[in-house]
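Student: Dropping in coords_5.txt, with compact mmCIF, C-alpha atoms.
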# COMPACT_ATOMS: atom_id res chain seq x y z
CA MET A 14 74.60 126.17 108.20
CA SER A 15 78.18 126.27 106.98
CA ALA A 16 79.34 124.76 103.72
CA LYS A 17 80.53 121.15 103.66
CA ILE A 18 83.46 121.58 101.30
CA ARG A 19 84.91 118.58 99.46
CA LYS A 20 87.53 120.48 97.56
CA ILE A 21 88.68 123.95 96.57
CA VAL A 22 90.27 124.54 93.18
CA THR A 23 92.12 127.68 92.14
CA ILE A 24 93.03 128.45 88.55
CA VAL A 25 95.24 131.36 87.52
CA ASP A 26 95.94 132.27 83.94
CA GLU A 27 98.42 134.89 82.85
CA THR A 28 98.31 136.17 79.27
CA ARG A 29 101.62 137.62 78.12
CA SER A 30 101.01 137.98 74.42
CA GLU A 31 98.14 137.86 71.95
CA MET A 32 98.58 137.48 68.18
CA GLY A 33 102.29 137.90 68.71
CA ARG A 34 101.91 141.28 70.42
CA PRO A 35 103.11 141.66 73.99
CA VAL A 36 100.47 142.24 76.67
CA THR A 37 102.13 144.57 79.18
CA PRO A 38 101.53 144.17 82.00
CA ALA A 39 100.35 140.60 81.57
CA VAL A 40 96.64 140.09 82.28
CA ARG A 41 96.05 137.82 85.25
CA ARG A 42 92.74 136.14 86.04
CA ALA A 43 92.08 133.90 89.03
CA ALA A 44 89.16 131.58 89.65
CA ALA A 45 88.45 130.06 93.05
CA VAL A 46 85.99 127.17 92.97
CA ALA A 47 84.43 125.36 95.92
CA VAL A 48 82.80 121.96 95.53
CA ILE A 49 80.24 121.65 98.32
CA ALA A 50 77.52 119.27 99.42
CA ASN A 51 74.02 120.35 98.38
CA PRO A 52 71.98 120.05 101.59
CA PHE A 53 68.74 119.96 99.58
CA ALA A 54 69.72 117.47 96.86
CA GLY A 55 66.93 115.15 95.80
CA ARG A 56 63.99 116.98 97.44
CA PHE A 57 62.04 120.20 97.22
CA GLU A 58 62.78 122.60 100.06
CA GLU A 59 60.78 125.79 100.32
CA ASP A 60 63.16 127.66 102.63
CA LEU A 61 66.60 128.09 101.09
CA THR A 62 68.02 130.24 103.89
CA PRO A 63 70.84 127.78 104.65
CA LEU A 64 72.11 128.11 101.07
CA ILE A 65 71.92 131.89 101.32
CA GLU A 66 74.14 131.71 104.40
CA ILE A 67 76.53 129.40 102.56
CA GLY A 68 76.69 132.03 99.82
CA GLU A 69 77.77 134.63 102.35
CA GLU A 70 80.47 132.31 103.67
CA LEU A 71 81.74 131.48 100.18
CA GLY A 72 81.82 135.12 99.06
CA ASP A 73 84.49 135.76 101.66
CA LEU A 74 86.28 132.40 101.39
CA LEU A 75 86.47 132.22 97.60
CA GLY A 76 87.26 135.93 97.38
CA ARG A 77 90.27 135.38 99.64
CA HIS A 78 91.44 132.34 97.70
CA ALA A 79 91.14 134.12 94.36
CA LEU A 80 92.88 137.20 95.71
CA ALA A 81 95.76 135.15 97.11
CA ALA A 82 96.11 133.33 93.80
CA LEU A 83 96.05 136.61 91.90
CA GLY A 84 98.79 138.00 94.11
CA ILE A 85 97.67 141.64 94.17
CA PRO A 86 95.96 143.79 96.83
CA GLY A 87 92.15 143.80 96.65
CA GLY A 88 92.10 147.47 95.66
CA GLN A 89 93.97 146.63 92.44
CA VAL A 90 91.46 144.03 91.27
CA GLU A 91 89.61 145.40 88.24
CA GLY A 92 87.17 142.72 87.10
CA TYR A 93 84.98 140.11 88.71
CA GLY A 94 82.31 137.50 88.14
CA LYS A 95 80.58 134.55 89.83
CA ALA A 96 78.82 131.37 88.75
CA ALA A 97 77.64 127.98 89.93
CA THR A 98 76.89 124.54 88.54
CA VAL A 99 74.30 122.48 90.41
CA GLY A 100 74.63 118.70 90.32
CA GLU A 101 71.81 116.71 88.78
CA ASN A 102 69.88 116.17 92.04
CA GLY A 103 69.64 119.90 92.73
CA GLU A 104 67.76 122.78 91.16
CA LEU A 105 68.84 126.08 89.64
CA GLU A 106 67.21 127.87 92.55
CA HIS A 107 69.85 126.35 94.82
CA ALA A 108 72.54 128.08 92.78
CA ALA A 109 70.54 131.29 92.85
CA ALA A 110 70.29 131.14 96.65
CA ILE A 111 74.06 130.88 96.94
CA LEU A 112 74.95 133.47 94.31
CA HIS A 113 72.49 136.31 94.61
CA PRO A 114 71.28 137.32 98.07
CA LYS A 115 74.48 137.48 100.15
CA LEU A 116 77.62 136.37 98.29
CA GLY A 117 78.45 139.84 96.97
CA ALA A 118 78.82 141.87 100.16
CA PRO A 119 81.73 139.97 101.74
CA LEU A 120 83.40 139.71 98.34
CA ARG A 121 83.17 143.45 97.70
CA LYS A 122 84.56 144.11 101.16
CA LEU A 123 87.87 142.57 100.01
CA LEU A 124 88.08 144.73 96.89
CA GLY A 125 87.84 148.37 97.91
CA LYS A 126 85.23 150.32 95.97
CA ALA A 127 83.21 147.80 93.92
CA PRO A 128 79.71 149.13 93.26
CA ALA A 129 79.10 147.37 89.92
CA LEU A 130 76.84 144.38 89.74
CA ILE A 131 78.75 141.09 89.76
CA PRO A 132 78.02 139.33 86.46
CA SER A 133 76.76 135.80 87.05
CA ALA A 134 75.77 132.56 85.39
CA LYS A 135 74.32 129.27 86.56
CA LYS A 136 73.46 125.90 85.14
CA ARG A 137 72.74 122.32 86.03
CA GLY A 138 75.39 119.85 85.05
CA SER A 139 77.46 116.85 85.92
CA LEU A 140 81.08 115.91 86.48
CA GLY A 141 83.40 117.90 84.26
CA THR A 142 80.72 120.29 83.03
CA VAL A 143 82.33 123.48 81.75
CA LEU A 144 81.17 126.69 83.44
CA ASP A 145 81.73 130.03 81.71
CA VAL A 146 81.97 132.76 84.34
CA PRO A 147 80.96 136.17 82.91
CA LEU A 148 83.19 139.08 83.88
CA GLY A 149 82.76 142.83 84.20
CA HIS A 150 84.52 145.83 85.72
CA LYS A 151 84.00 146.07 89.47
CA ALA A 152 83.39 149.84 89.50
CA ALA A 153 81.29 150.35 86.38
CA ALA A 154 79.36 147.64 84.59
CA TYR A 155 79.54 149.43 81.22
CA VAL A 156 83.33 149.46 80.88
CA ARG A 157 83.61 147.67 77.54
CA SER A 158 87.25 146.60 77.81
CA HIS A 159 86.41 144.43 80.80
CA PHE A 160 83.53 142.44 79.30
CA ASP A 161 85.06 138.99 79.36
CA GLY A 162 84.51 135.42 80.44
CA MET A 163 86.64 132.75 82.09
CA GLU A 164 86.01 129.07 81.66
CA VAL A 165 86.32 126.86 84.72
CA ARG A 166 86.06 123.11 84.91
CA VAL A 167 86.67 120.56 87.63
CA PRO A 168 86.93 117.06 86.17
CA ASP A 169 85.25 115.27 89.10
CA ALA A 170 82.59 117.84 90.01
CA PRO A 171 79.81 118.43 90.58
CA ARG A 172 78.62 115.00 91.61
CA ALA A 173 74.83 114.60 91.69
CA ASP A 174 74.50 115.86 95.28
CA GLU A 175 77.01 118.69 95.00
CA ILE A 176 77.19 122.31 93.93
CA MET A 177 80.25 123.89 92.35
CA VAL A 178 80.58 127.62 93.14
CA ALA A 179 83.09 129.87 91.36
CA VAL A 180 84.35 133.40 91.96
CA VAL A 181 86.70 135.03 89.43
CA LEU A 182 88.85 138.12 90.01
CA THR A 183 91.05 139.77 87.36
CA SER A 184 93.90 142.27 87.24
CA ALA A 185 92.64 143.84 83.99
CA GLY A 186 90.25 143.46 81.07
CA ARG A 187 90.81 141.65 77.78
CA PRO A 188 94.43 141.46 76.55
CA LEU A 189 94.35 144.01 73.72
CA PRO A 190 91.03 145.92 74.01
CA ARG A 191 90.30 148.21 71.04
CA ILE A 192 86.60 148.38 70.33
CA GLY A 193 85.85 151.64 72.10
CA GLY A 194 83.04 152.19 74.59
CA LEU A 195 83.39 153.42 78.15
CA LYS A 196 87.03 153.37 79.30
CA THR A 197 88.39 152.83 82.79
CA ASP A 198 89.66 156.43 82.96
CA GLU A 199 86.15 157.69 82.23
CA ILE A 200 84.45 155.93 85.14
CA LYS A 201 82.34 158.25 87.25
CA GLY A 202 81.82 155.58 89.88
CA GLU A 203 78.52 156.83 91.19
CA ASP A 204 75.98 154.24 90.20
CA GLY A 205 78.02 151.12 89.47
CA LEU A 206 77.11 151.41 85.81
CA ARG A 207 79.30 154.19 84.30
CA MET B 4 118.00 127.54 68.62
CA PRO B 5 114.97 129.83 68.84
CA ASP B 6 113.81 131.73 71.91
CA VAL B 7 111.01 130.36 74.04
CA ALA B 8 108.03 132.62 73.29
CA ILE B 9 105.38 132.30 76.02
CA ARG B 10 101.82 133.30 75.16
CA LYS B 11 100.24 132.45 78.48
CA THR B 12 100.64 130.46 81.63
CA SER B 13 98.06 128.77 83.82
CA THR B 14 98.31 127.41 87.34
CA VAL B 15 95.69 125.09 88.80
CA VAL B 16 95.63 123.98 92.44
CA GLU B 17 93.15 121.60 94.02
CA THR B 18 92.81 121.41 97.80
CA ILE B 19 90.97 118.19 98.63
CA PHE B 20 89.35 117.79 102.04
CA HIS B 21 87.57 114.47 101.48
CA GLU B 22 86.00 112.35 98.78
CA GLY B 23 83.03 110.98 100.61
CA GLY B 24 85.08 109.47 103.43
CA PRO B 25 86.54 110.97 106.60
CA VAL B 26 87.84 114.53 106.30
CA ALA B 27 91.64 114.34 106.13
CA ALA B 28 93.68 115.86 108.97
CA ALA B 29 95.73 117.72 106.37
CA PRO B 30 94.02 118.33 103.04
CA LEU B 31 95.70 116.94 99.91
CA LYS B 32 96.97 119.49 97.45
CA ARG B 33 97.45 118.73 93.77
CA GLY B 34 98.62 121.33 91.31
CA ALA B 35 99.67 121.88 87.74
CA ALA B 36 101.70 124.64 86.13
CA LEU B 37 101.15 125.05 82.39
CA ALA B 38 102.85 127.17 79.76
CA VAL B 39 101.71 127.81 76.21
CA ILE B 40 104.64 128.53 73.93
CA ALA B 41 105.25 128.93 70.21
CA ASN B 42 106.34 125.67 68.57
CA PRO B 43 109.46 126.70 66.64
CA PHE B 44 109.23 123.60 64.46
CA ALA B 45 105.54 123.82 63.51
CA GLY B 46 104.48 123.18 59.93
CA ARG B 47 107.53 121.35 58.65
CA TYR B 48 109.86 118.49 59.39
CA VAL B 49 112.99 119.69 61.15
CA PRO B 50 115.55 116.90 61.57
CA ASP B 51 117.61 118.47 64.34
CA ILE B 52 115.44 119.62 67.24
CA ALA B 53 117.24 118.35 70.34
CA GLY B 54 118.96 121.67 71.08
CA PHE B 55 115.59 123.14 72.04
CA MET B 56 115.69 121.05 75.24
CA ASP B 57 118.39 123.37 76.58
CA ASP B 58 116.34 126.42 75.65
CA LEU B 59 113.44 125.01 77.67
CA GLN B 60 115.39 124.63 80.89
CA PRO B 61 114.72 128.14 82.27
CA LEU B 62 111.01 127.73 81.51
CA GLY B 63 111.01 124.36 83.31
CA LEU B 64 112.61 125.88 86.38
CA SER B 65 110.27 128.82 86.41
CA LEU B 66 107.19 126.58 86.11
CA ALA B 67 108.47 124.22 88.81
CA ARG B 68 109.23 127.08 91.19
CA GLY B 69 105.86 128.71 90.54
CA LEU B 70 104.07 125.42 91.12
CA LEU B 71 105.91 124.74 94.36
CA GLU B 72 105.01 128.25 95.50
CA ALA B 73 101.34 127.64 94.65
CA LEU B 74 101.44 124.45 96.74
CA GLY B 75 102.82 126.22 99.81
CA GLY B 76 106.49 126.68 98.99
CA ASP B 77 108.11 123.86 100.99
CA PRO B 78 109.85 121.26 98.78
CA LYS B 79 109.70 118.74 101.65
CA THR B 80 105.91 118.58 101.33
CA ILE B 81 105.96 117.37 97.71
CA GLN B 82 105.35 113.62 97.42
CA GLY B 83 104.15 113.02 93.88
CA TYR B 84 104.93 114.34 90.42
CA GLY B 85 104.27 113.98 86.72
CA LYS B 86 104.61 115.88 83.46
CA GLY B 87 103.01 116.12 80.07
CA ALA B 88 102.67 117.99 76.79
CA ILE B 89 100.00 118.71 74.20
CA ILE B 90 101.33 119.48 70.73
CA GLY B 91 99.27 121.75 68.47
CA ALA B 92 98.03 120.35 65.15
CA ALA B 93 100.93 121.68 63.06
CA GLY B 94 103.47 119.88 65.21
CA GLU B 95 104.48 116.27 65.81
CA LEU B 96 104.58 114.09 68.89
CA GLU B 97 108.36 114.29 68.89
CA HIS B 98 108.14 118.01 69.66
CA GLY B 99 106.33 117.15 72.91
CA ALA B 100 109.11 114.71 73.75
CA LEU B 101 111.45 117.72 74.00
CA TRP B 102 109.81 118.41 77.38
CA HIS B 103 111.01 115.17 79.04
CA VAL B 104 114.46 116.35 79.97
CA PRO B 105 113.91 120.02 80.93
CA GLY B 106 110.59 119.30 82.69
CA GLY B 107 111.96 116.43 84.74
CA TYR B 108 115.25 118.16 85.42
CA ALA B 109 113.47 121.24 86.73
CA MET B 110 111.38 119.34 89.28
CA ARG B 111 114.33 117.28 90.49
CA GLU B 112 116.36 120.48 90.79
CA ILE B 113 113.93 122.11 93.20
CA LEU B 114 112.86 118.95 95.07
CA GLY B 115 116.36 117.79 95.97
CA ASP B 116 117.17 114.16 95.31
CA ALA B 117 113.88 112.81 93.97
CA LYS B 118 114.76 109.32 92.77
CA ALA B 119 111.79 108.00 90.81
CA ILE B 120 111.27 108.47 87.11
CA VAL B 121 108.82 111.31 86.40
CA ALA B 122 105.68 109.74 84.93
CA SER B 123 104.64 111.41 81.70
CA THR B 124 102.28 111.45 78.76
CA LYS B 125 101.76 113.48 75.61
CA LYS B 126 99.50 113.86 72.61
CA VAL B 127 98.70 116.02 69.61
CA GLY B 128 95.52 118.03 70.03
CA GLY B 129 93.66 121.27 69.42
CA PRO B 130 92.59 124.09 71.73
CA GLY B 131 90.72 122.77 74.77
CA THR B 132 92.19 119.27 74.51
CA ARG B 133 92.43 117.62 77.93
CA LEU B 134 95.40 115.56 79.06
CA ASP B 135 95.42 113.14 82.01
CA ILE B 136 98.89 113.46 83.48
CA PRO B 137 100.02 110.38 85.40
CA VAL B 138 101.37 110.98 88.88
CA THR B 139 103.62 108.72 90.98
CA HIS B 140 105.68 109.00 94.16
CA ILE B 141 108.83 111.08 93.75
CA ASN B 142 111.13 108.52 95.35
CA ALA B 143 109.67 105.12 94.50
CA SER B 144 107.55 104.43 91.42
CA TYR B 145 105.82 101.41 93.01
CA VAL B 146 104.20 103.24 95.93
CA ARG B 147 100.60 102.27 95.28
CA SER B 148 98.93 104.98 97.37
CA HIS B 149 100.45 107.66 95.14
CA PHE B 150 99.35 106.29 91.76
CA ASP B 151 97.16 109.12 90.59
CA ALA B 152 96.47 111.35 87.60
CA PHE B 153 95.68 115.01 87.19
CA GLU B 154 93.63 116.33 84.30
CA ILE B 155 94.82 119.53 82.66
CA GLY B 156 93.89 121.65 79.69
CA ILE B 157 93.41 125.24 78.54
CA THR B 158 90.34 126.38 76.63
CA ASP B 159 92.22 128.30 73.93
CA ALA B 160 95.42 126.28 73.70
CA PRO B 161 97.36 124.83 72.05
CA LYS B 162 96.75 126.58 68.76
CA ALA B 163 98.13 124.72 65.74
CA ASP B 164 101.60 126.23 66.02
CA GLU B 165 101.91 126.03 69.81
CA LEU B 166 103.02 123.61 72.50
CA LEU B 167 101.30 123.29 75.87
CA LEU B 168 103.80 122.09 78.47
CA ALA B 169 102.77 120.91 81.93
CA LEU B 170 104.24 119.97 85.30
CA VAL B 171 102.21 118.38 88.11
CA MET B 172 103.02 118.00 91.81
CA THR B 173 101.04 116.64 94.76
CA THR B 174 101.47 116.77 98.53
CA GLY B 175 100.32 113.25 99.30
CA SER B 176 98.58 110.04 98.38
CA ARG B 177 95.02 109.71 97.06
CA ILE B 178 92.83 111.19 99.75
CA HIS B 179 91.32 107.88 100.95
CA ALA B 180 94.09 105.49 99.74
CA ARG B 181 93.40 101.97 101.06
CA VAL B 182 94.25 99.32 98.49
CA GLY B 183 97.51 98.08 99.98
CA GLY B 184 100.76 97.64 98.06
CA LEU B 185 104.07 99.33 98.77
CA LYS B 186 103.62 102.14 101.30
CA ALA B 187 105.55 105.40 101.38
CA SER B 188 106.83 104.40 104.83
CA GLU B 189 108.40 101.25 103.31
CA ILE B 190 110.46 102.97 100.60
CA LYS B 191 114.05 101.72 100.49
CA GLY B 192 115.06 104.57 98.23
CA GLU B 193 117.85 102.85 96.37
CA ASP B 194 116.62 102.43 92.83
CA GLY B 195 113.74 104.86 92.44
CA LEU B 196 111.34 101.94 92.16
CA ARG B 197 110.77 100.63 95.72
Please render this file's structure as structure tokens.
Tutor:
Amino acid sequence: MSAKIRKIVTIVDETRSEMGRPVTPAVRRAAAVAVIANPFAGRFEEDLTPLIEIGEELGDLLGRHALAALGIPGGQVEGYGKAATVGENGELEHAAAILHPKLGAPLRKLLGKAPALIPSAKKRGSLGTVLDVPLGHKAAAYVRSHFDGMEVRVPDAPRADEIMVAVVLTSAGRPLPRIGGLKTDEIKGEDGLR
Amino acid sequence: MPDVAIRKTSTVVETIFHEGGPVAAAPLKRGAALAVIANPFAGRYVPDIAGFMDDLQPLGLSLARGLLEALGGDPKTIQGYGKGAIIGAAGELEHGALWHVPGGYAMREILGDAKAIVASTKKVGGPGTRLDIPVTHINASYVRSHFDAFEIGITDAPKADELLLALVMTTGSRIHARVGGLKASEIKGEDGLR
């Protein structure tokens, strides 16, 4: 089953200064959000395979949209995250089916070496519900400078029978990181953690 | 007059395929370009502020160009527009009014001879405040199919001493427009109204 997409929303923010200090280069973050029909809205379905397949499709599609909006080659992306809001006639498990089994592989394929887990969040909500997408470094989950979050919101989604799926890619971590921890130049890159 | 100090920018693009009706042959795109800048007049009453409109012109052009690019890059595809401002708590509504001239000028500059008045709105608000920006046809304000609005906002802006400035463009009418009135094909194009 392929996704029945009502709309796709991309959001790019570019932070150039923080507390009056320049952020050089500016930090860019791009979210690509698809609003899709929930094929299982309003009923219990044991087999969620169709949603898993939709997740695979959206990993590639939203990854490409976010990358295009970010305007850099996939290899230069540093951070990522994913999340979904299920409309009121769906269940959290629907979001899980999209996000977890198969969305990651096609997304990683666009980004060069990206062994770190993709931070994720999910919730049930209604039109205009705010979704905070957790972010981490794509090569090593413990890189502290890249722990972040990006808020996404689509005023008219998700309707009751829809699911809103978001992928976020970033060019860097927080604007002025200075609380220590594992740094990007210390990444070993073996296990996706450090 | 003071420099324009940009803290961050944000670009939002929606690509709408349908809204419950038939899938459109060409999806509708709606987009907003936002800039968060320092309000040079925050915290006090400054009688003479009009000169800042000139200072805002380059920002207007850069936002308008960036937005056009995000919507595909062809000025001939742009059919609707609007603009708006949110003034942080230490400012006054009049500071938002400074955006009328440079914001409108910038969109007309890149769209050629757009004739209709640029619909606009403004308010004072805190970080995360949402603003519904009215949208109308670029050549004739009475085209009913193009009466629309686009909701914008940024989670962490405007801070008290900031201004959030916004431009909106669209590539067509509401996705399933069907309530009659003046049609785009009937525009006379003489007065910017019909």
Student: Counting all atoms listed in the file, what is within 6 Å of stretch 120-137 of chain B, bar same-chain residues fewer than 2 positions away, as a list of chain:residue names?
Tutor: B:Gly85, B:Lys86, B:Gly87, B:Ala88, B:Ile89, B:Ile90, B:Gly91, B:Ala92, B:Ala152, B:Phe153, B:Glu154, B:Ile155, B:Gly156, B:Ile157, B:Thr158, B:Asp159, B:Ala160, B:Pro161, B:Lys162
Student: Using only C-alpha atoms, give me every residue within 8 Å of (94.8, 124.9, 89.0) in file coordinates, as a ChimeraX atom specification.
Tutor: /A:22-25 /B:13-17,34-36
Student: Put those residues in a file: C-alpha atoms, as a PDB file, in the frame of the given file.
Tutor:
ATOM      1  CA  VAL A  22      90.270 124.540  93.180  1.00  0.00           C
ATOM      2  CA  THR A  23      92.120 127.680  92.140  1.00  0.00           C
ATOM      3  CA  ILE A  24      93.030 128.450  88.550  1.00  0.00           C
ATOM      4  CA  VAL A  25      95.240 131.360  87.520  1.00  0.00           C
TER       5      VAL A  25
ATOM      6  CA  SER B  13      98.060 128.770  83.820  1.00  0.00           C
ATOM      7  CA  THR B  14      98.310 127.410  87.340  1.00  0.00           C
ATOM      8  CA  VAL B  15      95.690 125.090  88.800  1.00  0.00           C
ATOM      9  CA  VAL B  16      95.630 123.980  92.440  1.00  0.00           C
ATOM     10  CA  GLU B  17      93.150 121.600  94.020  1.00  0.00           C
ATOM     11  CA  GLY B  34      98.620 121.330  91.310  1.00  0.00           C
ATOM     12  CA  ALA B  35      99.670 121.880  87.740  1.00  0.00           C
ATOM     13  CA  ALA B  36     101.700 124.640  86.130  1.00  0.00           C
TER      14      ALA B  36
END
Student: State, in Å with one decimal place, the distance from atom CA of B:Leu37 to atom CA of B:Ala117.
Tutor: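 A separation of 21.1 Å between them.
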Student: Tell me which protein, DNA and RNA residues are within 7 Å of stretch 39-42 of chain B, counting all atoms listed in the file, leaving out same-chain ones fewer than 3 positions away, and put them as a list of chain:residue names.
Tutor: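 Surrounding residues, per the criterion: B:Val7, B:Ala8, B:Ile9, B:Arg10, B:Lys11, B:Thr12, B:Ala45, B:Ala160, B:Pro161, B:Asp164, B:Glu165, B:Leu166, B:Leu167, B:Leu168.
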Student: As an exercise, work out the distance from atom CA of B:Lys191 to atom CA of B:Leu64 in Å and give it to one decimal place.
Tutor: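 Straight-line distance from atom CA of B:Lys191 to atom CA of B:Leu64 works out to 28.0 Å.
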Student: Kindly indicate which residue among B:Asp58, B:Asp77, B:Glu193, B:Glu22 lies nearest to chain A, using only C-alpha atoms for the distances.
Tutor: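 Using only C-alpha atoms, the shortest distance to chain A belongs to B:Glu22.
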Student: Would you list which chain A residues are within 10 Å of chain B using all atoms listed in the file, as a VMD selection string?
Tutor: chain A and resid 17 to 36 39 to 48 81 to 82 143 163 to 169
Student: Using Å and a single decimal, report how far atom CA of B:Thr173 sits from atom CA of A:Ala97.
Tutor: 26.4 Å
Student: Find the spatial neighbours of A:Ile192, counting all atoms listed in the file, within a cut-off of 10 Å - ignore same-chain residues fewer than 2 positions away - and output them as a list in words.
Tutor: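 These residues fall inside the cut-off: Arg157, Ser158, Leu189, Pro190, Gly194 and Leu195 of chain A.
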Student: Considering all atoms listed in the file, can you say which of B:Ala29, B:Val182, B:Leu196, B:Leu71 comes closest to B:Thr139?
Tutor: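 Of B:Ala29, B:Val182, B:Leu196, B:Leu71, the one nearest B:Thr139 is B:Leu196, counting all atoms listed in the file.
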Student: What's around A:Gly72 at 7 Å? Count all atoms listed in the file, leave out sequence neighbours fewer than 5 positions away in its own chain, and write the answer as a count of residues only.
Tutor: 4
Student: Using the file's own x, y and z axes, so that the box edges lie along x, y and z, what centre and edge lengths in Å (one decimal) does a box around every listed atom of stretch 102-120 of chain B get when 4 Å is added on each side? Give it as JSON.
Tutor:
{"center_x": 113.5, "center_y": 115.1, "center_z": 86.7, "size_x": 15.4, "size_y": 22.1, "size_z": 26.6}
Student: With only C-alpha atoms as the counted atoms, please give the residues lying no more than 9 Å from B:Tyr145, apart from itself and same-chain residues fewer than 3 positions off, as a PyMOL selection string.
Tutor: chain B and resi 139-140+148-150+184-186+195-197
Student: Please produce an output containing C-alpha atoms for each residue in the selection, written as a PDB file, in the coordinates of the input.
Tutor:
ATOM      1  CA  THR B 139     103.620 108.720  90.980  1.00  0.00           C
ATOM      2  CA  HIS B 140     105.680 109.000  94.160  1.00  0.00           C
ATOM      3  CA  SER B 148      98.930 104.980  97.370  1.00  0.00           C
ATOM      4  CA  HIS B 149     100.450 107.660  95.140  1.00  0.00           C
ATOM      5  CA  PHE B 150      99.350 106.290  91.760  1.00  0.00           C
ATOM      6  CA  GLY B 184     100.760  97.640  98.060  1.00  0.00           C
ATOM      7  CA  LEU B 185     104.070  99.330  98.770  1.00  0.00           C
ATOM      8  CA  LYS B 186     103.620 102.140 101.300  1.00  0.00           C
ATOM      9  CA  GLY B 195     113.740 104.860  92.440  1.00  0.00           C
ATOM     10  CA  LEU B 196     111.340 101.940  92.160  1.00  0.00           C
ATOM     11  CA  ARG B 197     110.770 100.630  95.720  1.00  0.00           C
TER      12      ARG B 197
END
Student: Using all atoms listed in the file, pick whichever of A:Gly76, A:Gly141, A:Gly84, A:Pro52 has the shortest atom-to-atom distance to A:Arg121.
Tutor: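 Closest to A:Arg121, using all atoms listed in the file: A:Gly76.
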Student: Could you give me, as an NGL selection string, the residues that have an atom at most 10 Å away from the point (92.2, 144.4, 91.0) in the coordinates of the file, using all atoms listed in the file?
Tutor: :A and (41-42 or 80 or 83-93 or 124-125 or 150-151 or 182-185)
Student: Grab the residues selected above and save them as a PDB file, in the frame of the given file with C-alpha atoms.
Tutor:
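The resulting file, result30.pdb, is reproduced below:
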ATOM      1  CA  ARG A  41      96.050 137.820  85.250  1.00  0.00           C
ATOM      2  CA  ARG A  42      92.740 136.140  86.040  1.00  0.00           C
ATOM      3  CA  LEU A  80      92.880 137.200  95.710  1.00  0.00           C
ATOM      4  CA  LEU A  83      96.050 136.610  91.900  1.00  0.00           C
ATOM      5  CA  GLY A  84      98.790 138.000  94.110  1.00  0.00           C
ATOM      6  CA  ILE A  85      97.670 141.640  94.170  1.00  0.00           C
ATOM      7  CA  PRO A  86      95.960 143.790  96.830  1.00  0.00           C
ATOM      8  CA  GLY A  87      92.150 143.800  96.650  1.00  0.00           C
ATOM      9  CA  GLY A  88      92.100 147.470  95.660  1.00  0.00           C
ATOM     10  CA  GLN A  89      93.970 146.630  92.440  1.00  0.00           C
ATOM     11  CA  VAL A  90      91.460 144.030  91.270  1.00  0.00           C
ATOM     12  CA  GLU A  91      89.610 145.400  88.240  1.00  0.00           C
ATOM     13  CA  GLY A  92      87.170 142.720  87.100  1.00  0.00           C
ATOM     14  CA  TYR A  93      84.980 140.110  88.710  1.00  0.00           C
ATOM     15  CA  LEU A 124      88.080 144.730  96.890  1.00  0.00           C
ATOM     16  CA  GLY A 125      87.840 148.370  97.910  1.00  0.00           C
ATOM     17  CA  HIS A 150      84.520 145.830  85.720  1.00  0.00           C
ATOM     18  CA  LYS A 151      84.000 146.070  89.470  1.00  0.00           C
ATOM     19  CA  LEU A 182      88.850 138.120  90.010  1.00  0.00           C
ATOM     20  CA  THR A 183      91.050 139.770  87.360  1.00  0.00           C
ATOM     21  CA  SER A 184      93.900 142.270  87.240  1.00  0.00           C
ATOM     22  CA  ALA A 185      92.640 143.840  83.990  1.00  0.00           C
TER      23      ALA A 185
END
Student: Nearest residue to A:His113 out of A:Leu74, A:Ile200, A:Ala129, A:Ala96, using only C-alpha atoms?
Tutor: A:Ala96
Student: Return the single residue from A:Ala134, A:Ile49, A:Leu61, A:Ala179 that is closest to A:Ala79, with distances computed using all atoms listed in the file.
Tutor: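 Looking only at the distances to A:Ala79, the closest residue turns out to be A:Ala179.
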Student: Starting from the sparse input, extend stretch 114-122 of chain A to N, CA and C atoms and give the output as a CSV table (one decimal), keeping the file's coordinate frame.
Tutor:
chain,number,residue,atom,x,y,z
A,114,PRO,N,71.6,136.5,96.9
A,114,PRO,CA,71.3,137.3,98.1
A,114,PRO,C,72.5,137.9,98.8
A,115,LYS,N,73.5,137.0,99.2
A,115,LYS,CA,74.5,137.5,100.2
A,115,LYS,C,75.9,137.3,99.8
A,116,LEU,N,76.2,136.7,98.6
A,116,LEU,CA,77.6,136.4,98.3
A,116,LEU,C,78.4,137.7,98.0
A,117,GLY,N,77.7,138.6,97.4
A,117,GLY,CA,78.4,139.8,97.0
A,117,GLY,C,79.1,140.7,98.1
A,118,ALA,N,78.3,140.9,99.1
A,118,ALA,CA,78.8,141.9,100.2
A,118,ALA,C,80.2,141.5,100.7
A,119,PRO,N,80.4,140.3,101.2
A,119,PRO,CA,81.7,140.0,101.7
A,119,PRO,C,82.8,140.0,100.7
A,120,LEU,N,82.4,139.7,99.4
A,120,LEU,CA,83.4,139.7,98.3
A,120,LEU,C,83.8,141.1,98.1
A,121,ARG,N,82.9,142.0,98.0
A,121,ARG,CA,83.2,143.4,97.7
A,121,ARG,C,84.0,144.0,98.8
A,122,LYS,N,83.8,143.6,100.0
A,122,LYS,CA,84.6,144.1,101.2
A,122,LYS,C,86.1,143.9,101.0
